[in-house]
file target-v5.cif (mmCIF, C-alpha atoms)
data_protein
loop_
_atom_site.label_atom_id
_atom_site.label_comp_id
_atom_site.auth_asym_id
_atom_site.auth_seq_id
_atom_site.Cartn_x
_atom_site.Cartn_y
_atom_site.Cartn_z
CA MET U 1 -13.13 47.31 35.21
CA LYS U 2 -13.94 44.16 33.30
CA VAL U 3 -13.41 44.10 29.56
CA LYS U 4 -15.21 41.34 27.69
CA ILE U 5 -13.42 40.37 24.52
CA VAL U 6 -13.04 37.32 22.38
CA LYS U 7 -9.64 37.41 20.75
CA ASN U 8 -7.90 34.43 19.29
CA ILE U 9 -4.59 34.07 21.10
CA LEU U 10 -2.76 33.13 17.93
CA GLU U 11 -4.26 35.93 15.83
CA ALA U 12 -0.87 37.64 15.37
CA ASN U 13 0.53 34.40 14.01
CA GLU U 14 -2.52 33.92 11.78
CA ARG U 15 -2.14 37.43 10.37
CA ILE U 16 1.47 36.83 9.38
CA ALA U 17 0.59 33.37 8.04
CA ILE U 18 -1.96 34.98 5.72
CA SER U 19 0.60 37.47 4.48
CA ASN U 20 3.13 34.65 3.86
CA ARG U 21 0.45 32.77 2.00
CA GLN U 22 -0.21 35.74 -0.26
CA LYS U 23 3.48 35.85 -1.15
CA PHE U 24 3.43 32.13 -1.96
CA GLU U 25 0.32 32.59 -4.13
CA GLU U 26 1.85 35.51 -6.03
CA ALA U 27 4.99 33.50 -6.69
CA GLY U 28 2.96 30.41 -7.66
CA VAL U 29 4.83 28.11 -5.30
CA PHE U 30 3.28 25.08 -3.61
CA VAL U 31 4.25 24.97 0.07
CA ILE U 32 4.48 21.93 2.34
CA ASN U 33 4.98 22.18 6.10
CA LEU U 34 6.71 18.92 7.03
CA MET U 35 6.40 17.86 10.65
CA SER U 36 7.36 14.88 12.82
CA ALA U 37 9.02 13.83 16.06
CA PRO U 38 12.84 14.05 16.11
CA GLY U 39 14.45 11.21 14.19
CA ALA U 40 11.38 10.13 12.21
CA GLY U 41 13.26 10.86 8.98
CA LYS U 42 12.20 14.30 7.73
CA THR U 43 15.58 15.17 6.25
CA SER U 44 16.02 11.68 4.77
CA LEU U 45 12.58 11.96 3.21
CA LEU U 46 13.51 15.32 1.71
CA GLU U 47 16.77 13.92 0.33
CA LYS U 48 14.93 11.10 -1.41
CA THR U 49 12.06 13.32 -2.52
CA LEU U 50 14.42 15.91 -3.99
CA SER U 51 16.22 13.30 -6.09
CA LEU U 52 12.93 11.80 -7.28
CA LEU U 53 11.53 15.23 -8.17
CA ASN U 54 14.73 16.33 -9.89
CA GLY U 55 13.89 17.64 -13.37
CA LYS U 56 10.15 17.58 -12.62
CA LEU U 57 9.73 20.34 -10.03
CA LYS U 58 12.05 23.13 -8.96
CA ALA U 59 12.28 22.83 -5.19
CA GLY U 60 13.52 24.94 -2.30
CA VAL U 61 13.77 24.20 1.41
CA ILE U 62 13.43 26.13 4.64
CA GLU U 63 15.12 24.11 7.32
CA GLY U 64 14.04 24.62 10.93
CA ASP U 65 16.25 23.45 13.77
CA ILE U 66 16.81 24.57 17.32
CA VAL U 67 20.55 24.91 16.62
CA GLY U 68 22.99 23.85 13.92
CA THR U 69 23.13 23.63 10.14
CA GLU U 70 23.70 19.91 9.63
CA ASP U 71 20.36 19.26 7.90
CA ALA U 72 20.66 22.30 5.62
CA GLU U 73 24.11 21.11 4.55
CA ARG U 74 22.69 17.68 3.67
CA LEU U 75 20.12 19.31 1.38
CA GLU U 76 22.40 21.93 -0.19
CA ARG U 77 24.17 19.06 -1.97
CA PHE U 78 21.17 18.95 -4.29
CA GLY U 79 22.09 22.36 -5.67
CA ILE U 80 18.80 23.92 -4.56
CA PRO U 81 18.11 27.03 -2.48
CA VAL U 82 18.14 26.14 1.23
CA VAL U 83 17.61 28.58 4.09
CA GLN U 84 18.37 27.54 7.64
CA ILE U 85 16.35 28.91 10.55
CA ASN U 86 17.72 28.37 14.05
CA THR U 87 14.90 28.83 16.52
CA GLN U 88 17.29 29.31 19.49
CA GLY U 89 15.31 27.04 21.76
CA ALA U 90 11.80 27.35 20.36
CA CYS U 91 10.28 23.96 19.66
CA HIS U 92 8.42 24.94 16.48
CA LEU U 93 8.49 27.34 13.54
CA ASP U 94 5.95 30.15 13.54
CA ALA U 95 4.68 32.39 10.75
CA ASN U 96 6.96 35.26 11.71
CA MET U 97 10.13 33.16 11.47
CA ILE U 98 9.09 32.05 7.97
CA GLY U 99 8.09 35.59 6.93
CA GLU U 100 11.51 36.90 7.87
CA VAL U 101 13.44 34.57 5.57
CA LEU U 102 11.19 34.67 2.49
CA ASP U 103 13.28 37.38 0.82
CA GLU U 104 16.27 35.04 0.90
CA LEU U 105 14.54 32.56 -1.43
CA PRO U 106 13.96 32.96 -5.19
CA LEU U 107 10.26 32.17 -4.69
CA ARG U 108 9.26 32.98 -8.26
CA ASP U 109 11.72 30.43 -9.63
CA LEU U 110 10.35 27.65 -7.42
CA ASP U 111 7.49 25.21 -8.00
CA ILE U 112 7.56 23.72 -4.53
CA LEU U 113 8.88 24.82 -1.15
CA PHE U 114 9.39 22.36 1.70
CA ILE U 115 9.42 23.77 5.20
CA GLU U 116 11.07 21.23 7.47
CA ASN U 117 9.76 22.02 10.92
CA VAL U 118 11.57 21.45 14.22
CA GLY U 119 11.35 17.81 15.32
CA ASN U 120 8.43 17.71 17.76
CA LEU U 121 5.14 15.83 17.64
CA VAL U 122 3.05 18.48 19.42
CA CYS U 123 3.84 22.17 19.02
CA PRO U 124 4.47 22.61 15.26
CA ALA U 125 0.88 21.52 14.54
CA GLU U 126 -0.44 24.56 16.39
CA PHE U 127 1.20 27.23 14.24
CA ASN U 128 0.17 27.89 10.66
CA VAL U 129 3.00 29.39 8.66
CA GLY U 130 1.11 30.05 5.41
CA GLU U 131 1.57 26.58 3.92
CA ASP U 132 -0.77 24.90 1.42
CA MET U 133 -0.71 21.74 3.44
CA LYS U 134 0.81 20.12 6.47
CA VAL U 135 2.38 16.73 5.95
CA MET U 136 3.54 14.55 8.82
CA LEU U 137 5.92 11.69 9.15
CA LEU U 138 5.66 8.92 11.75
CA SER U 139 8.29 6.22 11.90
CA ILE U 140 7.11 2.80 13.03
CA THR U 141 9.84 2.67 15.70
CA GLU U 142 7.90 5.37 17.56
CA GLY U 143 5.08 2.90 18.32
CA ASP U 144 1.49 2.44 17.21
CA ASP U 145 0.01 4.44 20.10
CA LYS U 146 1.14 7.80 18.74
CA PRO U 147 -2.05 8.83 16.87
CA SER U 148 -4.13 8.34 20.01
CA LYS U 149 -1.58 10.09 22.24
CA TYR U 150 -0.77 13.03 19.95
CA PRO U 151 -3.96 13.51 17.90
CA LEU U 152 -3.53 17.19 17.02
CA MET U 153 -0.86 16.76 14.35
CA PHE U 154 -2.78 13.88 12.77
CA ARG U 155 -5.88 16.05 12.68
CA GLU U 156 -4.11 19.02 11.10
CA SER U 157 -2.19 17.09 8.43
CA SER U 158 -3.30 16.37 4.88
CA ALA U 159 -0.95 13.44 4.45
CA LEU U 160 0.81 10.97 6.76
CA LEU U 161 3.92 9.10 5.72
CA ILE U 162 4.56 6.01 7.81
CA ASN U 163 8.33 5.65 7.54
CA LYS U 164 10.89 2.89 8.20
CA ILE U 165 8.54 0.10 7.10
CA ASP U 166 11.60 -1.95 6.14
CA LEU U 167 11.93 -2.54 9.91
CA LEU U 168 8.47 -4.11 10.25
CA PRO U 169 9.77 -7.72 10.61
CA TYR U 170 11.85 -6.69 13.63
CA LEU U 171 9.19 -4.76 15.56
CA ASP U 172 5.99 -5.59 17.42
CA VAL U 173 4.32 -2.47 16.08
CA ASN U 174 0.80 -2.79 14.68
CA ILE U 175 0.77 -0.69 11.53
CA GLU U 176 -2.97 -1.32 11.00
CA ARG U 177 -3.64 0.34 14.35
CA ILE U 178 -1.63 3.40 13.27
CA LYS U 179 -3.72 3.65 10.09
CA LYS U 180 -7.06 2.99 11.77
CA ASP U 181 -6.52 5.48 14.60
CA SER U 182 -5.15 8.14 12.24
CA LEU U 183 -8.15 7.83 9.96
CA SER U 184 -10.61 8.01 12.81
CA ILE U 185 -8.98 11.28 13.90
CA ASN U 186 -8.85 12.57 10.34
CA PRO U 187 -10.91 10.63 7.76
CA SER U 188 -9.48 12.60 4.80
CA LEU U 189 -5.86 11.89 5.75
CA ARG U 190 -3.82 10.50 2.84
CA ILE U 191 -1.53 7.71 4.09
CA PHE U 192 1.69 6.49 2.46
CA GLU U 193 3.77 3.60 3.77
CA VAL U 194 7.40 4.22 2.92
CA SER U 195 10.97 3.39 3.72
CA CYS U 196 13.43 6.18 2.97
CA ARG U 197 16.25 3.64 3.36
CA THR U 198 15.02 1.15 0.74
CA GLU U 199 12.92 3.75 -1.18
CA GLN U 200 9.91 1.43 -0.91
CA GLY U 201 6.64 3.28 -1.51
CA LEU U 202 8.26 6.62 -2.25
CA GLU U 203 7.04 6.77 -5.86
CA HIS U 204 3.42 6.90 -4.62
CA TRP U 205 4.28 9.85 -2.42
CA THR U 206 6.12 11.79 -5.12
CA SER U 207 3.48 11.20 -7.78
CA TRP U 208 0.84 12.42 -5.32
CA LEU U 209 2.99 15.50 -4.59
CA LEU U 210 3.34 16.18 -8.32
CA SER U 211 -0.41 15.98 -8.83
CA GLU U 212 -1.13 18.22 -5.83
CA ALA U 213 1.42 20.81 -7.01
CA GLU U 214 -0.09 20.70 -10.50
CA ARG U 215 -3.60 21.04 -9.13
CA LYS U 216 -2.55 24.17 -7.26
CA ASN U 217 -0.82 25.73 -10.28
CA LYS U 218 -3.92 25.25 -12.42
CA LYS U 219 -6.05 27.26 -10.00
CA MET I 1 6.94 24.13 25.15
CA HIS I 2 4.61 25.94 22.77
CA GLU I 3 3.17 27.31 26.03
CA ALA I 4 5.91 29.99 26.03
CA SER I 5 4.80 31.33 22.63
CA ILE I 6 1.17 31.16 23.71
CA ALA I 7 1.91 33.06 26.95
CA GLN I 8 3.74 35.73 24.97
CA SER I 9 0.79 36.13 22.59
CA ILE I 10 -1.68 36.35 25.48
CA LEU I 11 0.36 39.17 27.03
CA GLU I 12 0.70 41.10 23.77
CA ILE I 13 -3.03 41.01 23.08
CA ALA I 14 -3.99 41.79 26.68
CA ILE I 15 -1.63 44.77 26.93
CA ASN I 16 -2.93 46.11 23.66
CA GLU I 17 -6.57 45.74 24.74
CA CYS I 18 -5.86 47.26 28.17
CA LEU I 19 -4.35 50.39 26.63
CA LYS I 20 -7.24 50.57 24.14
CA ALA I 21 -9.64 50.58 27.10
CA GLY I 22 -7.73 53.55 28.58
CA ALA I 23 -6.41 51.61 31.58
CA SER I 24 -2.84 51.31 32.82
CA ARG I 25 -2.76 48.00 34.66
CA ILE I 26 -3.97 44.47 34.01
CA ASP I 27 -5.27 42.65 37.08
CA ARG I 28 -6.64 39.47 35.59
CA ILE I 29 -6.78 37.70 32.24
CA LYS I 30 -9.27 34.95 31.50
CA VAL I 31 -8.60 32.56 28.65
CA GLU I 32 -10.49 29.56 27.31
CA ILE I 33 -8.40 26.73 25.97
CA GLY I 34 -9.77 23.65 24.27
CA ILE I 35 -8.11 20.46 25.47
CA MET I 36 -7.37 19.41 21.88
CA ASN I 37 -4.70 22.13 21.68
CA ALA I 38 -2.49 19.98 23.90
CA ILE I 39 -1.59 22.97 26.05
CA ASN I 40 -0.50 22.11 29.55
CA SER I 41 -2.10 24.60 31.98
CA GLU I 42 0.74 24.41 34.49
CA SER I 43 3.36 25.08 31.83
CA LEU I 44 1.28 27.93 30.48
CA LEU I 45 0.99 29.51 33.95
CA PHE I 46 4.71 29.12 34.50
CA ALA I 47 5.51 30.74 31.14
CA PHE I 48 2.95 33.49 31.75
CA ASN I 49 4.37 34.35 35.18
CA ALA I 50 7.87 34.51 33.72
CA SER I 51 6.86 36.65 30.73
CA LYS I 52 4.71 39.19 32.57
CA LEU I 53 7.55 40.71 34.62
CA ASN I 54 8.27 44.36 33.82
CA THR I 55 5.02 44.80 31.90
CA ILE I 56 1.72 46.41 32.90
CA ALA I 57 0.51 42.84 33.51
CA GLU I 58 3.16 42.24 36.17
CA LYS I 59 0.53 41.69 38.90
CA ALA I 60 -2.02 39.97 36.67
CA GLY I 61 -3.44 36.55 37.39
CA LEU I 62 -4.23 34.14 34.59
CA ASP I 63 -7.49 32.17 34.75
CA ILE I 64 -7.51 29.20 32.43
CA VAL I 65 -10.87 27.72 31.52
CA GLU I 66 -10.32 24.33 29.94
CA LYS I 67 -12.93 23.45 27.32
CA PRO I 68 -13.68 19.77 26.74
CA VAL I 69 -14.05 18.13 23.36
CA GLY I 70 -17.61 18.63 22.17
CA GLY I 71 -19.63 17.55 19.21
CA TYR I 72 -22.89 16.47 17.69
CA CYS I 73 -23.89 12.91 16.85
CA LYS I 74 -26.13 12.44 13.82
CA ASP I 75 -26.99 8.87 14.84
CA CYS I 76 -28.60 9.75 18.19
CA ASP I 77 -29.26 13.41 17.38
CA GLN I 78 -27.62 14.63 20.60
CA ARG I 79 -24.78 16.93 21.59
CA PHE I 80 -21.99 15.49 23.75
CA THR I 81 -18.83 16.57 25.53
CA SER I 82 -15.86 14.43 26.46
CA GLU I 83 -12.54 14.76 28.28
CA GLN I 84 -11.00 12.27 25.86
CA LEU I 85 -8.72 13.61 23.14
CA LEU I 86 -9.41 10.76 20.78
CA LEU I 87 -13.04 9.86 20.23
CA LEU I 88 -13.66 6.84 18.06
CA ASN I 89 -17.36 6.56 18.92
CA CYS I 90 -20.13 8.83 20.10
CA PRO I 91 -19.92 8.76 23.93
CA ILE I 92 -23.73 8.55 24.14
CA CYS I 93 -24.81 5.97 21.58
CA GLY I 94 -21.51 4.52 20.33
CA GLY I 95 -22.25 5.57 16.76
CA GLN I 96 -19.55 6.79 14.40
CA ASN I 97 -21.53 9.38 12.51
CA PHE I 98 -20.54 12.46 14.50
CA ILE I 99 -18.77 15.77 14.12
CA ILE I 100 -16.39 17.46 16.57
CA ASP I 101 -16.89 21.21 16.80
CA GLN I 102 -15.46 22.10 20.23
CA GLY I 103 -12.14 21.62 21.93
CA ARG I 104 -9.85 23.77 19.80
CA GLU I 105 -10.73 27.10 21.44
CA LEU I 106 -7.75 29.33 22.09
CA ASN I 107 -9.17 32.68 23.11
CA ILE I 108 -8.82 35.52 25.56
CA ILE I 109 -12.37 36.06 26.78
CA GLU I 110 -12.10 38.62 29.58
CA LEU I 111 -9.73 41.15 31.06
CA GLU I 112 -9.84 42.99 34.36
CA VAL I 113 -8.00 46.27 34.11
CA SER I 114 -7.55 49.30 36.37
CA GLY I 115 -5.75 52.63 36.62
CA GLU I 116 -5.78 55.35 34.06
CA SER I 117 -3.36 55.38 31.20
CA GLU I 118 -1.23 58.46 30.46
CA ASP I 119 -3.16 58.84 27.23
CA SER I 120 -6.59 59.01 28.81
CA LYS I 121 -5.34 61.45 31.50
CA LYS I 122 -4.29 63.82 28.73
CA HIS I 123 -7.74 63.70 27.20
CA THR I 124 -9.60 64.50 30.43
#

call {"tool": "encode", "arguments": {"input": "target-v5.cif", "output": "C-alpha cells"}}
result
Amino acid sequence: MKVKIVKNILEANERIAISNRQKFEEAGVFVINLMSAPGAGKTSLLEKTLSLLNGKLKAGVIEGDIVGTEDAERLERFGIPVVQINTQGACHLDANMIGEVLDELPLRDLDILFIENVGNLVCPAEFNVGEDMKVMLLSITEGDDKPSKYPLMFRESSALLINKIDLLPYLDVNIERIKKDSLSINPSLRIFEVSCRTEQGLEHWTSWLLSEAERKNKK
Amino acid sequence: MHEASIAQSILEIAINECLKAGASRIDRIKVEIGIMNAINSESLLFAFNASKLNTIAEKAGLDIVEKPVGGYCKDCDQRFTSEQLLLLNCPICGGQNFIIDQGRELNIIELEVSGESEDSKKHT
C-alpha cells in the first residue's frame, strides 16, 4: 500500500522550537543563536560582548559543545547564568536540547540570552531552536570562499560578524568578496567587521544588539 | 553529520504514519530534499540504514529525490532551476532581479507500507 503524505522532516524540531519561543516571549527575553565554524571566536565574542553590555542588559548564556565545559567556565567569570549543554557527538544544538535546559535559567530576570551553538559551519543553520535571530561569525583566516561554499548559514542569519580583522595585513583574504557574496546570498544581512582581540568595531555590534533587544521589548 | 538527526526524524515520522495507516511494516520511504539544505545523500542513507535496525522500518529502502534550486526572474519573466548553490545572476538572462523559492524542501512525500498492525486486527 502506498501512502501519499507531505510531512516536513524537521516538524518535531519545529514544534519544540515554537514552544521554546513561547517561553522566551512570556519571559520577555531576546534570544540570539550564535553560530560559526570552530575557532572563529564565538566565545571570545561573547566575552567582549558581555563586558560591553554590562550594566545595560542582563544576559545569560547557553553553551553548546560536543564535550567539555571550558567555554562555560570562561563565561561564568562574568557572574551571569550559564548552562552548558554537551551534545555527546551531535554537531549542532536542536530545539529539544534547548527546551530541556530552559528551567535551569532565570529567564524572567534576563533581557538577552545567547545560545552559543556547536562550532560547525553547516548543520546548526538547519535547526531552529526558538531564537529571535541567528547571528553568525566568520573569521577572515577561514578564507573568502566560505559564503559561496557554505551558503545556508549566510542565508539563515540576520547578522554576520567578520572577525579577526586585525590580521588583515598578514593575509591574502579578500574581505570585499566575503561581503559581496554574503549579501548576494542574503541581501538583508547586517555585516559588522570586528576584531575581538583589539575590540575594533565591537561598539557597532553591541549598539545594534541593544537597539534590536529594545525593539523586541517594545512589541 | 546533521544527516543522523535527519534520518532519525524521517524514521519517527514514517513509523508514526505507518501505524496510523493500520500497517505493521514499512517497505519504502520517499523523501524530497532541496540541495540548499546541504544534506549529503550518501551520509543520509548510511545514517538511515544504521538507525532503522530493530524498528518496523528495518527492511525499508530510502528513496531520495534531490530538488534543485529554483526561482523566478522578474527581469526575463521566466522560471529557472539550477544545480548551483550560490546564484548571483539569473541563469537565463543574467539579471539580478530574481527570487529563489525552491531548493529548501525537506519532506517525506510517500510511504509504502504492508502488513496489518495489531491494532487494526483487533478492530476487524

call {"tool": "atom_distance", "arguments": {"input": "target-v5.cif", "atom1": "CA of Glu76 (chain U)", "atom2": "CA of Glu63 (chain U)"}}
result
10.7 Å

call {"tool": "atom_distance", "arguments": {"input": "target-v5.cif", "atom1": "CA of Pro81 (chain U)", "atom2": "CA of Arg108 (chain U)"}}
result
12.1 Å

call {"tool": "atom_distance", "arguments": {"input": "target-v5.cif", "atom1": "CA of Ala12 (chain U)", "atom2": "CA of Phe48 (chain I)"}}
result
17.3 Å

call {"tool": "residues_around", "arguments": {"input": "target-v5.cif", "residues": "Leu46 (chain U)", "least_positions_apart": "4", "cutoff": "8 Å", "atoms": "all atoms listed in the file", "output": "number ranges by chain"}}
result
U: 42, 50, 75

call {"tool": "write_last_selection", "arguments": {"input": "target-v5.cif", "atoms": "C-alpha atoms", "output": "mmCIF file, keeping the file's coordinate frame"}}
result
data_model
loop_
_atom_site.group_PDB
_atom_site.id
_atom_site.type_symbol
_atom_site.label_atom_id
_atom_site.label_comp_id
_atom_site.auth_asym_id
_atom_site.auth_seq_id
_atom_site.Cartn_x
_atom_site.Cartn_y
_atom_site.Cartn_z
ATOM 1 C CA LYS U 42 12.200 14.300 7.730
ATOM 2 C CA LEU U 50 14.420 15.910 -3.990
ATOM 3 C CA LEU U 75 20.120 19.310 1.380
#

call {"tool": "interface_residues", "arguments": {"input": "target-v5.cif", "of": "chain U", "to": "chain I", "cutoff": "12 Å", "atoms": "all atoms listed in the file", "output": "short mmCIF file (atom, residue, chain, number, x, y, z; two decimals) with C-alpha atoms, in the coordinates of the input"}}
result
data_model
loop_
_atom_site.label_atom_id
_atom_site.label_comp_id
_atom_site.auth_asym_id
_atom_site.auth_seq_id
_atom_site.Cartn_x
_atom_site.Cartn_y
_atom_site.Cartn_z
CA MET U 1 -13.13 47.31 35.21
CA LYS U 2 -13.94 44.16 33.30
CA VAL U 3 -13.41 44.10 29.56
CA LYS U 4 -15.21 41.34 27.69
CA ILE U 5 -13.42 40.37 24.52
CA VAL U 6 -13.04 37.32 22.38
CA LYS U 7 -9.64 37.41 20.75
CA ASN U 8 -7.90 34.43 19.29
CA ILE U 9 -4.59 34.07 21.10
CA LEU U 10 -2.76 33.13 17.93
CA GLU U 11 -4.26 35.93 15.83
CA ALA U 12 -0.87 37.64 15.37
CA ASN U 13 0.53 34.40 14.01
CA GLU U 14 -2.52 33.92 11.78
CA GLY U 89 15.31 27.04 21.76
CA ALA U 90 11.80 27.35 20.36
CA CYS U 91 10.28 23.96 19.66
CA HIS U 92 8.42 24.94 16.48
CA LEU U 93 8.49 27.34 13.54
CA ASP U 94 5.95 30.15 13.54
CA ALA U 95 4.68 32.39 10.75
CA ASN U 96 6.96 35.26 11.71
CA VAL U 118 11.57 21.45 14.22
CA ASN U 120 8.43 17.71 17.76
CA LEU U 121 5.14 15.83 17.64
CA VAL U 122 3.05 18.48 19.42
CA CYS U 123 3.84 22.17 19.02
CA PRO U 124 4.47 22.61 15.26
CA ALA U 125 0.88 21.52 14.54
CA GLU U 126 -0.44 24.56 16.39
CA PHE U 127 1.20 27.23 14.24
CA ASP U 145 0.01 4.44 20.10
CA LYS U 146 1.14 7.80 18.74
CA PRO U 147 -2.05 8.83 16.87
CA SER U 148 -4.13 8.34 20.01
CA LYS U 149 -1.58 10.09 22.24
CA TYR U 150 -0.77 13.03 19.95
CA PRO U 151 -3.96 13.51 17.90
CA LEU U 152 -3.53 17.19 17.02
CA MET U 153 -0.86 16.76 14.35
CA PHE U 154 -2.78 13.88 12.77
CA ARG U 155 -5.88 16.05 12.68
CA GLU U 156 -4.11 19.02 11.10
CA LYS U 180 -7.06 2.99 11.77
CA ASP U 181 -6.52 5.48 14.60
CA SER U 182 -5.15 8.14 12.24
CA LEU U 183 -8.15 7.83 9.96
CA SER U 184 -10.61 8.01 12.81
CA ILE U 185 -8.98 11.28 13.90
CA ASN U 186 -8.85 12.57 10.34
CA PRO U 187 -10.91 10.63 7.76
#

call {"tool": "residues_around", "arguments": {"input": "target-v5.cif", "residues": "Glu214 (chain U)", "least_positions_apart": "2", "cutoff": "12 Å", "atoms": "all atoms listed in the file", "output": "list of chain:residue names"}}
result
U:Gly28, U:Val29, U:Phe30, U:Lys56, U:Leu57, U:Asp111, U:Ile112, U:Ser207, U:Trp208, U:Leu209, U:Leu210, U:Ser211, U:Glu212, U:Lys216, U:Asn217, U:Lys218, U:Lys219

call {"tool": "closest_residue", "arguments": {"input": "target-v5.cif", "among": "U:Glu142, U:Glu193, U:Asp132, U:Glu176", "to": "Arg215 (chain U)", "atoms": "only C-alpha atoms"}}
result
U:Asp132

call {"tool": "residues_around", "arguments": {"input": "target-v5.cif", "residues": "Leu45 (chain U)", "least_positions_apart": "4", "cutoff": "6 Å", "atoms": "only C-alpha atoms", "output": "PDB file with C-alpha atoms, in the coordinates of the input"}}
result
ATOM      1  CA  GLY U  41      13.260  10.860   8.980  1.00  0.00           C
ATOM      2  CA  THR U  49      12.060  13.320  -2.520  1.00  0.00           C
ATOM      3  CA  CYS U 196      13.430   6.180   2.970  1.00  0.00           C
TER       4      CYS U 196
END

call {"tool": "resolve_selection", "arguments": {"input": "target-v5.cif", "expression": "the PyMOL selection byres ((chain I and resi 68) around 10)", "output": "list of chain:residue names"}}
result
I:Ile33, I:Gly34, I:Ile35, I:Met36, I:Val65, I:Glu66, I:Lys67, I:Val69, I:Gly70, I:Gly71, I:Phe80, I:Thr81, I:Ser82, I:Glu83, I:Gln84, I:Leu85, I:Gln102, I:Gly103, I:Arg104, I:Glu105

call {"tool": "closest_residue", "arguments": {"input": "target-v5.cif", "among": "U:Leu107, U:Lys48, U:Ala40, U:Leu202", "to": "Ala27 (chain U)", "atoms": "all atoms listed in the file"}}
result
U:Leu107

call {"tool": "residues_around", "arguments": {"input": "target-v5.cif", "residues": "Ile98 (chain U)", "least_positions_apart": "4", "cutoff": "12 Å", "atoms": "only C-alpha atoms", "output": "compact mmCIF listing (two decimals) with C-alpha atoms, in the coordinates of the input"}}
result
# COMPACT_ATOMS: atom_id res chain seq x y z
CA ASN U 13 0.53 34.40 14.01
CA ILE U 16 1.47 36.83 9.38
CA ALA U 17 0.59 33.37 8.04
CA ILE U 18 -1.96 34.98 5.72
CA SER U 19 0.60 37.47 4.48
CA ASN U 20 3.13 34.65 3.86
CA ARG U 21 0.45 32.77 2.00
CA LYS U 23 3.48 35.85 -1.15
CA PHE U 24 3.43 32.13 -1.96
CA VAL U 31 4.25 24.97 0.07
CA ASN U 33 4.98 22.18 6.10
CA VAL U 61 13.77 24.20 1.41
CA ILE U 62 13.43 26.13 4.64
CA GLU U 63 15.12 24.11 7.32
CA GLY U 64 14.04 24.62 10.93
CA VAL U 83 17.61 28.58 4.09
CA GLN U 84 18.37 27.54 7.64
CA ILE U 85 16.35 28.91 10.55
CA ASN U 86 17.72 28.37 14.05
CA THR U 87 14.90 28.83 16.52
CA HIS U 92 8.42 24.94 16.48
CA LEU U 93 8.49 27.34 13.54
CA ASP U 94 5.95 30.15 13.54
CA LEU U 102 11.19 34.67 2.49
CA ASP U 103 13.28 37.38 0.82
CA GLU U 104 16.27 35.04 0.90
CA LEU U 105 14.54 32.56 -1.43
CA LEU U 113 8.88 24.82 -1.15
CA PHE U 114 9.39 22.36 1.70
CA ILE U 115 9.42 23.77 5.20
CA GLU U 116 11.07 21.23 7.47
CA ASN U 117 9.76 22.02 10.92
CA PHE U 127 1.20 27.23 14.24
CA ASN U 128 0.17 27.89 10.66
CA VAL U 129 3.00 29.39 8.66
CA GLY U 130 1.11 30.05 5.41
CA GLU U 131 1.57 26.58 3.92

call {"tool": "resolve_selection", "arguments": {"input": "target-v5.cif", "expression": "the PyMOL selection byres ((chain U and resi 165) around 12)", "output": "count of residues only"}}
result
31

call {"tool": "closest_residue", "arguments": {"input": "target-v5.cif", "among": "U:Gly79, U:Glu100, U:Gly60, U:Ile32", "to": "Ser158 (chain U)", "atoms": "only C-alpha atoms"}}
result
U:Ile32

call {"tool": "build_atoms", "arguments": {"input": "target-v5.cif", "residues": "region 143-155 of chain U", "atoms": "N, CA and C atoms", "output": "short mmCIF file (atom, residue, chain, number, x, y, z; two decimals), keeping the file's coordinate frame"}}
result
data_model
loop_
_atom_site.label_atom_id
_atom_site.label_comp_id
_atom_site.auth_asym_id
_atom_site.auth_seq_id
_atom_site.Cartn_x
_atom_site.Cartn_y
_atom_site.Cartn_z
N GLY U 143 6.18 3.62 17.67
CA GLY U 143 5.08 2.90 18.32
C GLY U 143 3.73 3.23 17.72
N ASP U 144 2.80 2.27 17.86
CA ASP U 144 1.49 2.44 17.21
C ASP U 144 0.49 3.22 18.06
N ASP U 145 0.93 3.68 19.25
CA ASP U 145 0.01 4.44 20.10
C ASP U 145 0.07 5.94 19.83
N LYS U 146 0.92 6.36 18.92
CA LYS U 146 1.14 7.80 18.74
C LYS U 146 -0.09 8.57 18.23
N PRO U 147 -0.86 8.05 17.28
CA PRO U 147 -2.05 8.83 16.87
C PRO U 147 -2.97 9.10 18.04
N SER U 148 -3.19 8.11 18.91
CA SER U 148 -4.13 8.34 20.01
C SER U 148 -3.53 9.21 21.10
N LYS U 149 -2.19 9.26 21.20
CA LYS U 149 -1.58 10.09 22.24
C LYS U 149 -1.29 11.51 21.77
N TYR U 150 -1.10 11.70 20.48
CA TYR U 150 -0.77 13.03 19.95
C TYR U 150 -1.71 13.37 18.78
N PRO U 151 -3.02 13.42 19.03
CA PRO U 151 -3.96 13.51 17.90
C PRO U 151 -3.91 14.81 17.10
N LEU U 152 -3.43 15.89 17.72
CA LEU U 152 -3.53 17.19 17.02
C LEU U 152 -2.84 17.20 15.67
N MET U 153 -1.60 16.71 15.62
CA MET U 153 -0.86 16.76 14.35
C MET U 153 -1.53 15.90 13.29
N PHE U 154 -2.09 14.76 13.72
CA PHE U 154 -2.78 13.88 12.77
C PHE U 154 -4.03 14.57 12.22
N ARG U 155 -4.66 15.37 13.09
CA ARG U 155 -5.88 16.05 12.68
C ARG U 155 -5.58 17.18 11.69
#
